[in-house]
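Participant: Handing over input23.pdb, PDB, C-alpha atoms, pLDDT in the B column.
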```pdb
ATOM      1  CA  MET A   1       0.000   0.000   0.000  1.00 72.00           C
ATOM      2  CA  SER A   2       1.449   3.344  -1.008  1.00 86.00           C
ATOM      3  CA  ALA A   3       1.916   6.270   1.338  1.00 85.00           C
ATOM      4  CA  ASN A   4      -0.737   8.172  -0.630  1.00 87.00           C
ATOM      5  CA  GLN A   5      -3.286   5.388  -0.081  1.00 90.00           C
ATOM      6  CA  LYS A   6      -2.481   5.218   3.631  1.00 89.00           C
ATOM      7  CA  LEU A   7      -2.862   8.974   3.931  1.00 90.00           C
ATOM      8  CA  THR A   8      -6.173   8.870   2.070  1.00 91.00           C
ATOM      9  CA  GLU A   9      -7.470   6.123   4.363  1.00 91.00           C
ATOM     10  CA  ALA A  10      -6.303   7.994   7.459  1.00 90.00           C
ATOM     11  CA  LEU A  11      -8.021  11.160   6.250  1.00 92.00           C
ATOM     12  CA  ALA A  12     -11.232   9.224   5.613  1.00 91.00           C
ATOM     13  CA  VAL A  13     -11.156   7.840   9.167  1.00 91.00           C
ATOM     14  CA  LEU A  14     -10.470  11.311  10.531  1.00 92.00           C
ATOM     15  CA  GLN A  15     -13.356  12.733   8.480  1.00 93.00           C
ATOM     16  CA  GLY A  16     -15.688  10.125   9.952  1.00 90.00           C
ATOM     17  CA  GLN A  17     -14.557  10.943  13.474  1.00 92.00           C
ATOM     18  CA  LEU A  18     -15.021  14.672  12.844  1.00 93.00           C
ATOM     19  CA  GLU A  19     -18.548  14.056  11.564  1.00 93.00           C
ATOM     20  CA  SER A  20     -19.298  11.992  14.682  1.00 91.00           C
ATOM     21  CA  LEU A  21     -17.897  14.736  16.877  1.00 93.00           C
ATOM     22  CA  LYS A  22     -20.041  17.351  15.108  1.00 94.00           C
ATOM     23  CA  SER A  23     -23.141  15.211  15.651  1.00 93.00           C
ATOM     24  CA  LEU A  24     -22.251  14.759  19.305  1.00 93.00           C
ATOM     25  CA  THR A  25     -21.650  18.495  19.710  1.00 95.00           C
ATOM     26  CA  ASP A  26     -25.008  19.289  18.103  1.00 95.00           C
ATOM     27  CA  ALA A  27     -26.761  16.780  20.378  1.00 94.00           C
ATOM     28  CA  ASN A  28     -25.099  18.239  23.462  1.00 93.00           C
ATOM     29  CA  GLU A  29     -25.979  21.767  22.335  1.00 95.00           C
ATOM     30  CA  PHE A  30     -29.615  20.712  21.975  1.00 95.00           C
ATOM     31  CA  MET A  31     -29.617  19.293  25.502  1.00 93.00           C
ATOM     32  CA  VAL A  32     -27.902  22.339  27.039  1.00 93.00           C
ATOM     33  CA  THR A  33     -30.379  24.665  25.348  1.00 94.00           C
ATOM     34  CA  ALA A  34     -33.319  22.543  26.463  1.00 94.00           C
ATOM     35  CA  LEU A  35     -32.084  22.506  30.057  1.00 91.00           C
ATOM     36  CA  LYS A  36     -31.391  26.228  29.989  1.00 93.00           C
ATOM     37  CA  GLU A  37     -34.799  27.136  28.556  1.00 95.00           C
ATOM     38  CA  GLN A  38     -36.933  24.426  30.179  1.00 93.00           C
ATOM     39  CA  GLY A  39     -34.960  23.359  33.233  1.00 89.00           C
ATOM     40  CA  ASP A  40     -37.608  24.264  35.804  1.00 91.00           C
ATOM     41  CA  ALA A  41     -40.367  22.494  33.880  1.00 92.00           C
ATOM     42  CA  LEU A  42     -38.200  19.410  33.369  1.00 89.00           C
ATOM     43  CA  LYS A  43     -37.307  19.275  37.075  1.00 88.00           C
ATOM     44  CA  SER A  44     -40.974  19.281  38.013  1.00 92.00           C
ATOM     45  CA  MET A  45     -41.763  16.329  35.713  1.00 91.00           C
ATOM     46  CA  GLU A  46     -41.313  12.623  36.259  1.00 90.00           C
ATOM     47  CA  ALA A  47     -38.257  11.189  34.474  1.00 86.00           C
ATOM     48  CA  GLU A  48     -39.974   9.308  31.631  1.00 89.00           C
ATOM     49  CA  PRO A  49     -42.389  12.106  30.627  1.00 91.00           C
ATOM     50  CA  ALA A  50     -39.468  14.551  30.650  1.00 91.00           C
ATOM     51  CA  ARG A  51     -37.389  12.256  28.415  1.00 91.00           C
ATOM     52  CA  GLU A  52     -40.350  11.737  26.073  1.00 93.00           C
ATOM     53  CA  MET A  53     -40.880  15.483  25.810  1.00 94.00           C
ATOM     54  CA  LEU A  54     -37.208  15.979  24.921  1.00 95.00           C
ATOM     55  CA  ARG A  55     -37.337  13.127  22.389  1.00 94.00           C
ATOM     56  CA  GLN A  56     -40.345  14.761  20.720  1.00 95.00           C
ATOM     57  CA  GLN A  57     -38.552  18.094  20.582  1.00 96.00           C
ATOM     58  CA  ALA A  58     -35.469  16.388  19.144  1.00 95.00           C
ATOM     59  CA  ARG A  59     -37.606  14.771  16.427  1.00 95.00           C
ATOM     60  CA  VAL A  60     -39.085  18.157  15.517  1.00 96.00           C
ATOM     61  CA  GLN A  61     -35.611  19.680  15.355  1.00 96.00           C
ATOM     62  CA  PHE A  62     -33.567  16.882  13.759  1.00 96.00           C
ATOM     63  CA  GLY A  63     -36.086  14.556  12.090  1.00 94.00           C
ATOM     64  CA  PRO A  64     -34.681  13.523   8.692  1.00 90.00           C
ATOM     65  CA  ASP A  65     -37.912  14.106   6.790  1.00 89.00           C
ATOM     66  CA  GLN A  66     -39.428  17.299   8.138  1.00 88.00           C
ATOM     67  CA  GLY A  67     -37.122  18.454  10.915  1.00 90.00           C
ATOM     68  CA  LEU A  68     -36.166  22.087  11.262  1.00 93.00           C
ATOM     69  CA  SER A  69     -32.498  21.056  10.971  1.00 93.00           C
ATOM     70  CA  PRO A  70     -32.670  17.511   9.568  1.00 95.00           C
ATOM     71  CA  ASP A  71     -29.835  15.357  10.891  1.00 95.00           C
ATOM     72  CA  ALA A  72     -30.445  11.659  11.404  1.00 94.00           C
ATOM     73  CA  ALA A  73     -27.109  11.142  13.194  1.00 94.00           C
ATOM     74  CA  VAL A  74     -27.890  13.774  15.834  1.00 95.00           C
ATOM     75  CA  LEU A  75     -31.404  12.420  16.271  1.00 95.00           C
ATOM     76  CA  ASN A  76     -29.997   8.911  16.715  1.00 93.00           C
ATOM     77  CA  ILE A  77     -27.643  10.097  19.478  1.00 93.00           C
ATOM     78  CA  LEU A  78     -30.474  11.914  21.261  1.00 94.00           C
ATOM     79  CA  GLU A  79     -32.901   9.011  20.899  1.00 92.00           C
ATOM     80  CA  LYS A  80     -30.347   6.654  22.456  1.00 91.00           C
ATOM     81  CA  SER A  81     -29.281   9.026  25.211  1.00 88.00           C
ATOM     82  CA  LEU A  82     -32.898   9.838  26.120  1.00 89.00           C
ATOM     83  CA  GLY A  83     -33.964   6.198  26.020  1.00 84.00           C
ATOM     84  CA  LYS A  84     -35.994   4.607  28.766  1.00 70.00           C
ATOM     85  CA  GLY A  85     -34.249   3.997  32.039  1.00 61.00           C
ATOM     86  CA  LEU A  86     -31.134   5.989  31.290  1.00 54.00           C
ATOM     87  CA  GLY A  87     -29.900   8.460  33.849  1.00 55.00           C
ATOM     88  CA  ALA A  88     -28.605  11.962  33.342  1.00 52.00           C
ATOM     89  CA  GLU A  89     -25.161  11.161  32.027  1.00 55.00           C
ATOM     90  CA  ILE A  90     -22.788  12.845  29.646  1.00 56.00           C
ATOM     91  CA  ILE A  91     -23.488  11.586  26.149  1.00 56.00           C
ATOM     92  CA  PRO A  92     -20.498   9.369  25.237  1.00 61.00           C
ATOM     93  CA  PHE A  93     -18.517   9.879  22.047  1.00 60.00           C
ATOM     94  CA  PRO A  94     -20.341   7.695  19.528  1.00 60.00           C
ATOM     95  CA  GLY A  95     -17.371   6.110  17.762  1.00 59.00           C
ATOM     96  CA  ALA A  96     -18.328   3.047  15.774  1.00 51.00           C
ATOM     97  CA  ALA A  97     -21.317   2.249  18.027  1.00 49.00           C
ATOM     98  CA  VAL A  98     -23.516   4.928  16.496  1.00 48.00           C
ATOM     99  CA  LYS A  99     -24.156   4.444  12.818  1.00 49.00           C
ATOM    100  CA  GLN A 100     -25.041   7.420  10.709  1.00 48.00           C
ATOM    101  CA  ALA A 101     -28.224   7.146   8.686  1.00 44.00           C
ATOM    102  CA  ASP A 102     -27.823   7.148   4.931  1.00 39.00           C
TER     103      ASP A 102
END
```
Taking this structure as input, can you express it in the form of structure tokens?

Facilitator:
Amino acid sequence: MSANQKLTEALAVLQGQLESLKSLTDANEFMVTALKEQGDALKSMEAEPAREMLRQQARVQFGPDQGLSPDAAVLNILEKSLGKGLGAEIIPFPGAAVKQAD
């Protein structure tokens, strides 16, 4: 394998990681904004209704078909992080575990 091919492959991997990082950043920005703007309301709700409300808002924002800012990768991260039974944790870097929608 030539040096040019290795460099091209390395750049492709880096591009994928940068896209994952952008999706993660957008998901975290959504959550920070939601907590900033709706924190009191969310605190007064039970956990599952609060997560469902945030999932609905995420679908409106990032839904691939009619979202305000369509982005299936960001929606996937938020759907998983706001899933049932999950606690309030920092959203982990997706890496290979989160697949981007085509």

Participant: Take the PyMOL selection byres ((chain A and resi 62) around 12), apply it to the structure above, and return the hits as a ChimeraX atom specification.

Facilitator: /A:23,26-27,30,54-61,63-79

Participant: Quick check on the file I pasted: which residues fall under the PyMOL selection byres ((chain A and resi 36-50) around 12)? Write them as a PyMOL selection string.

Facilitator: chain A and resi 29-35+51-57+82-88

Participant: Tell me, in Å to one decimal, how far atom CA of A:Ser81 is from atom CA of A:Asn28.

Facilitator: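 These atoms are spaced 10.3 Å apart.
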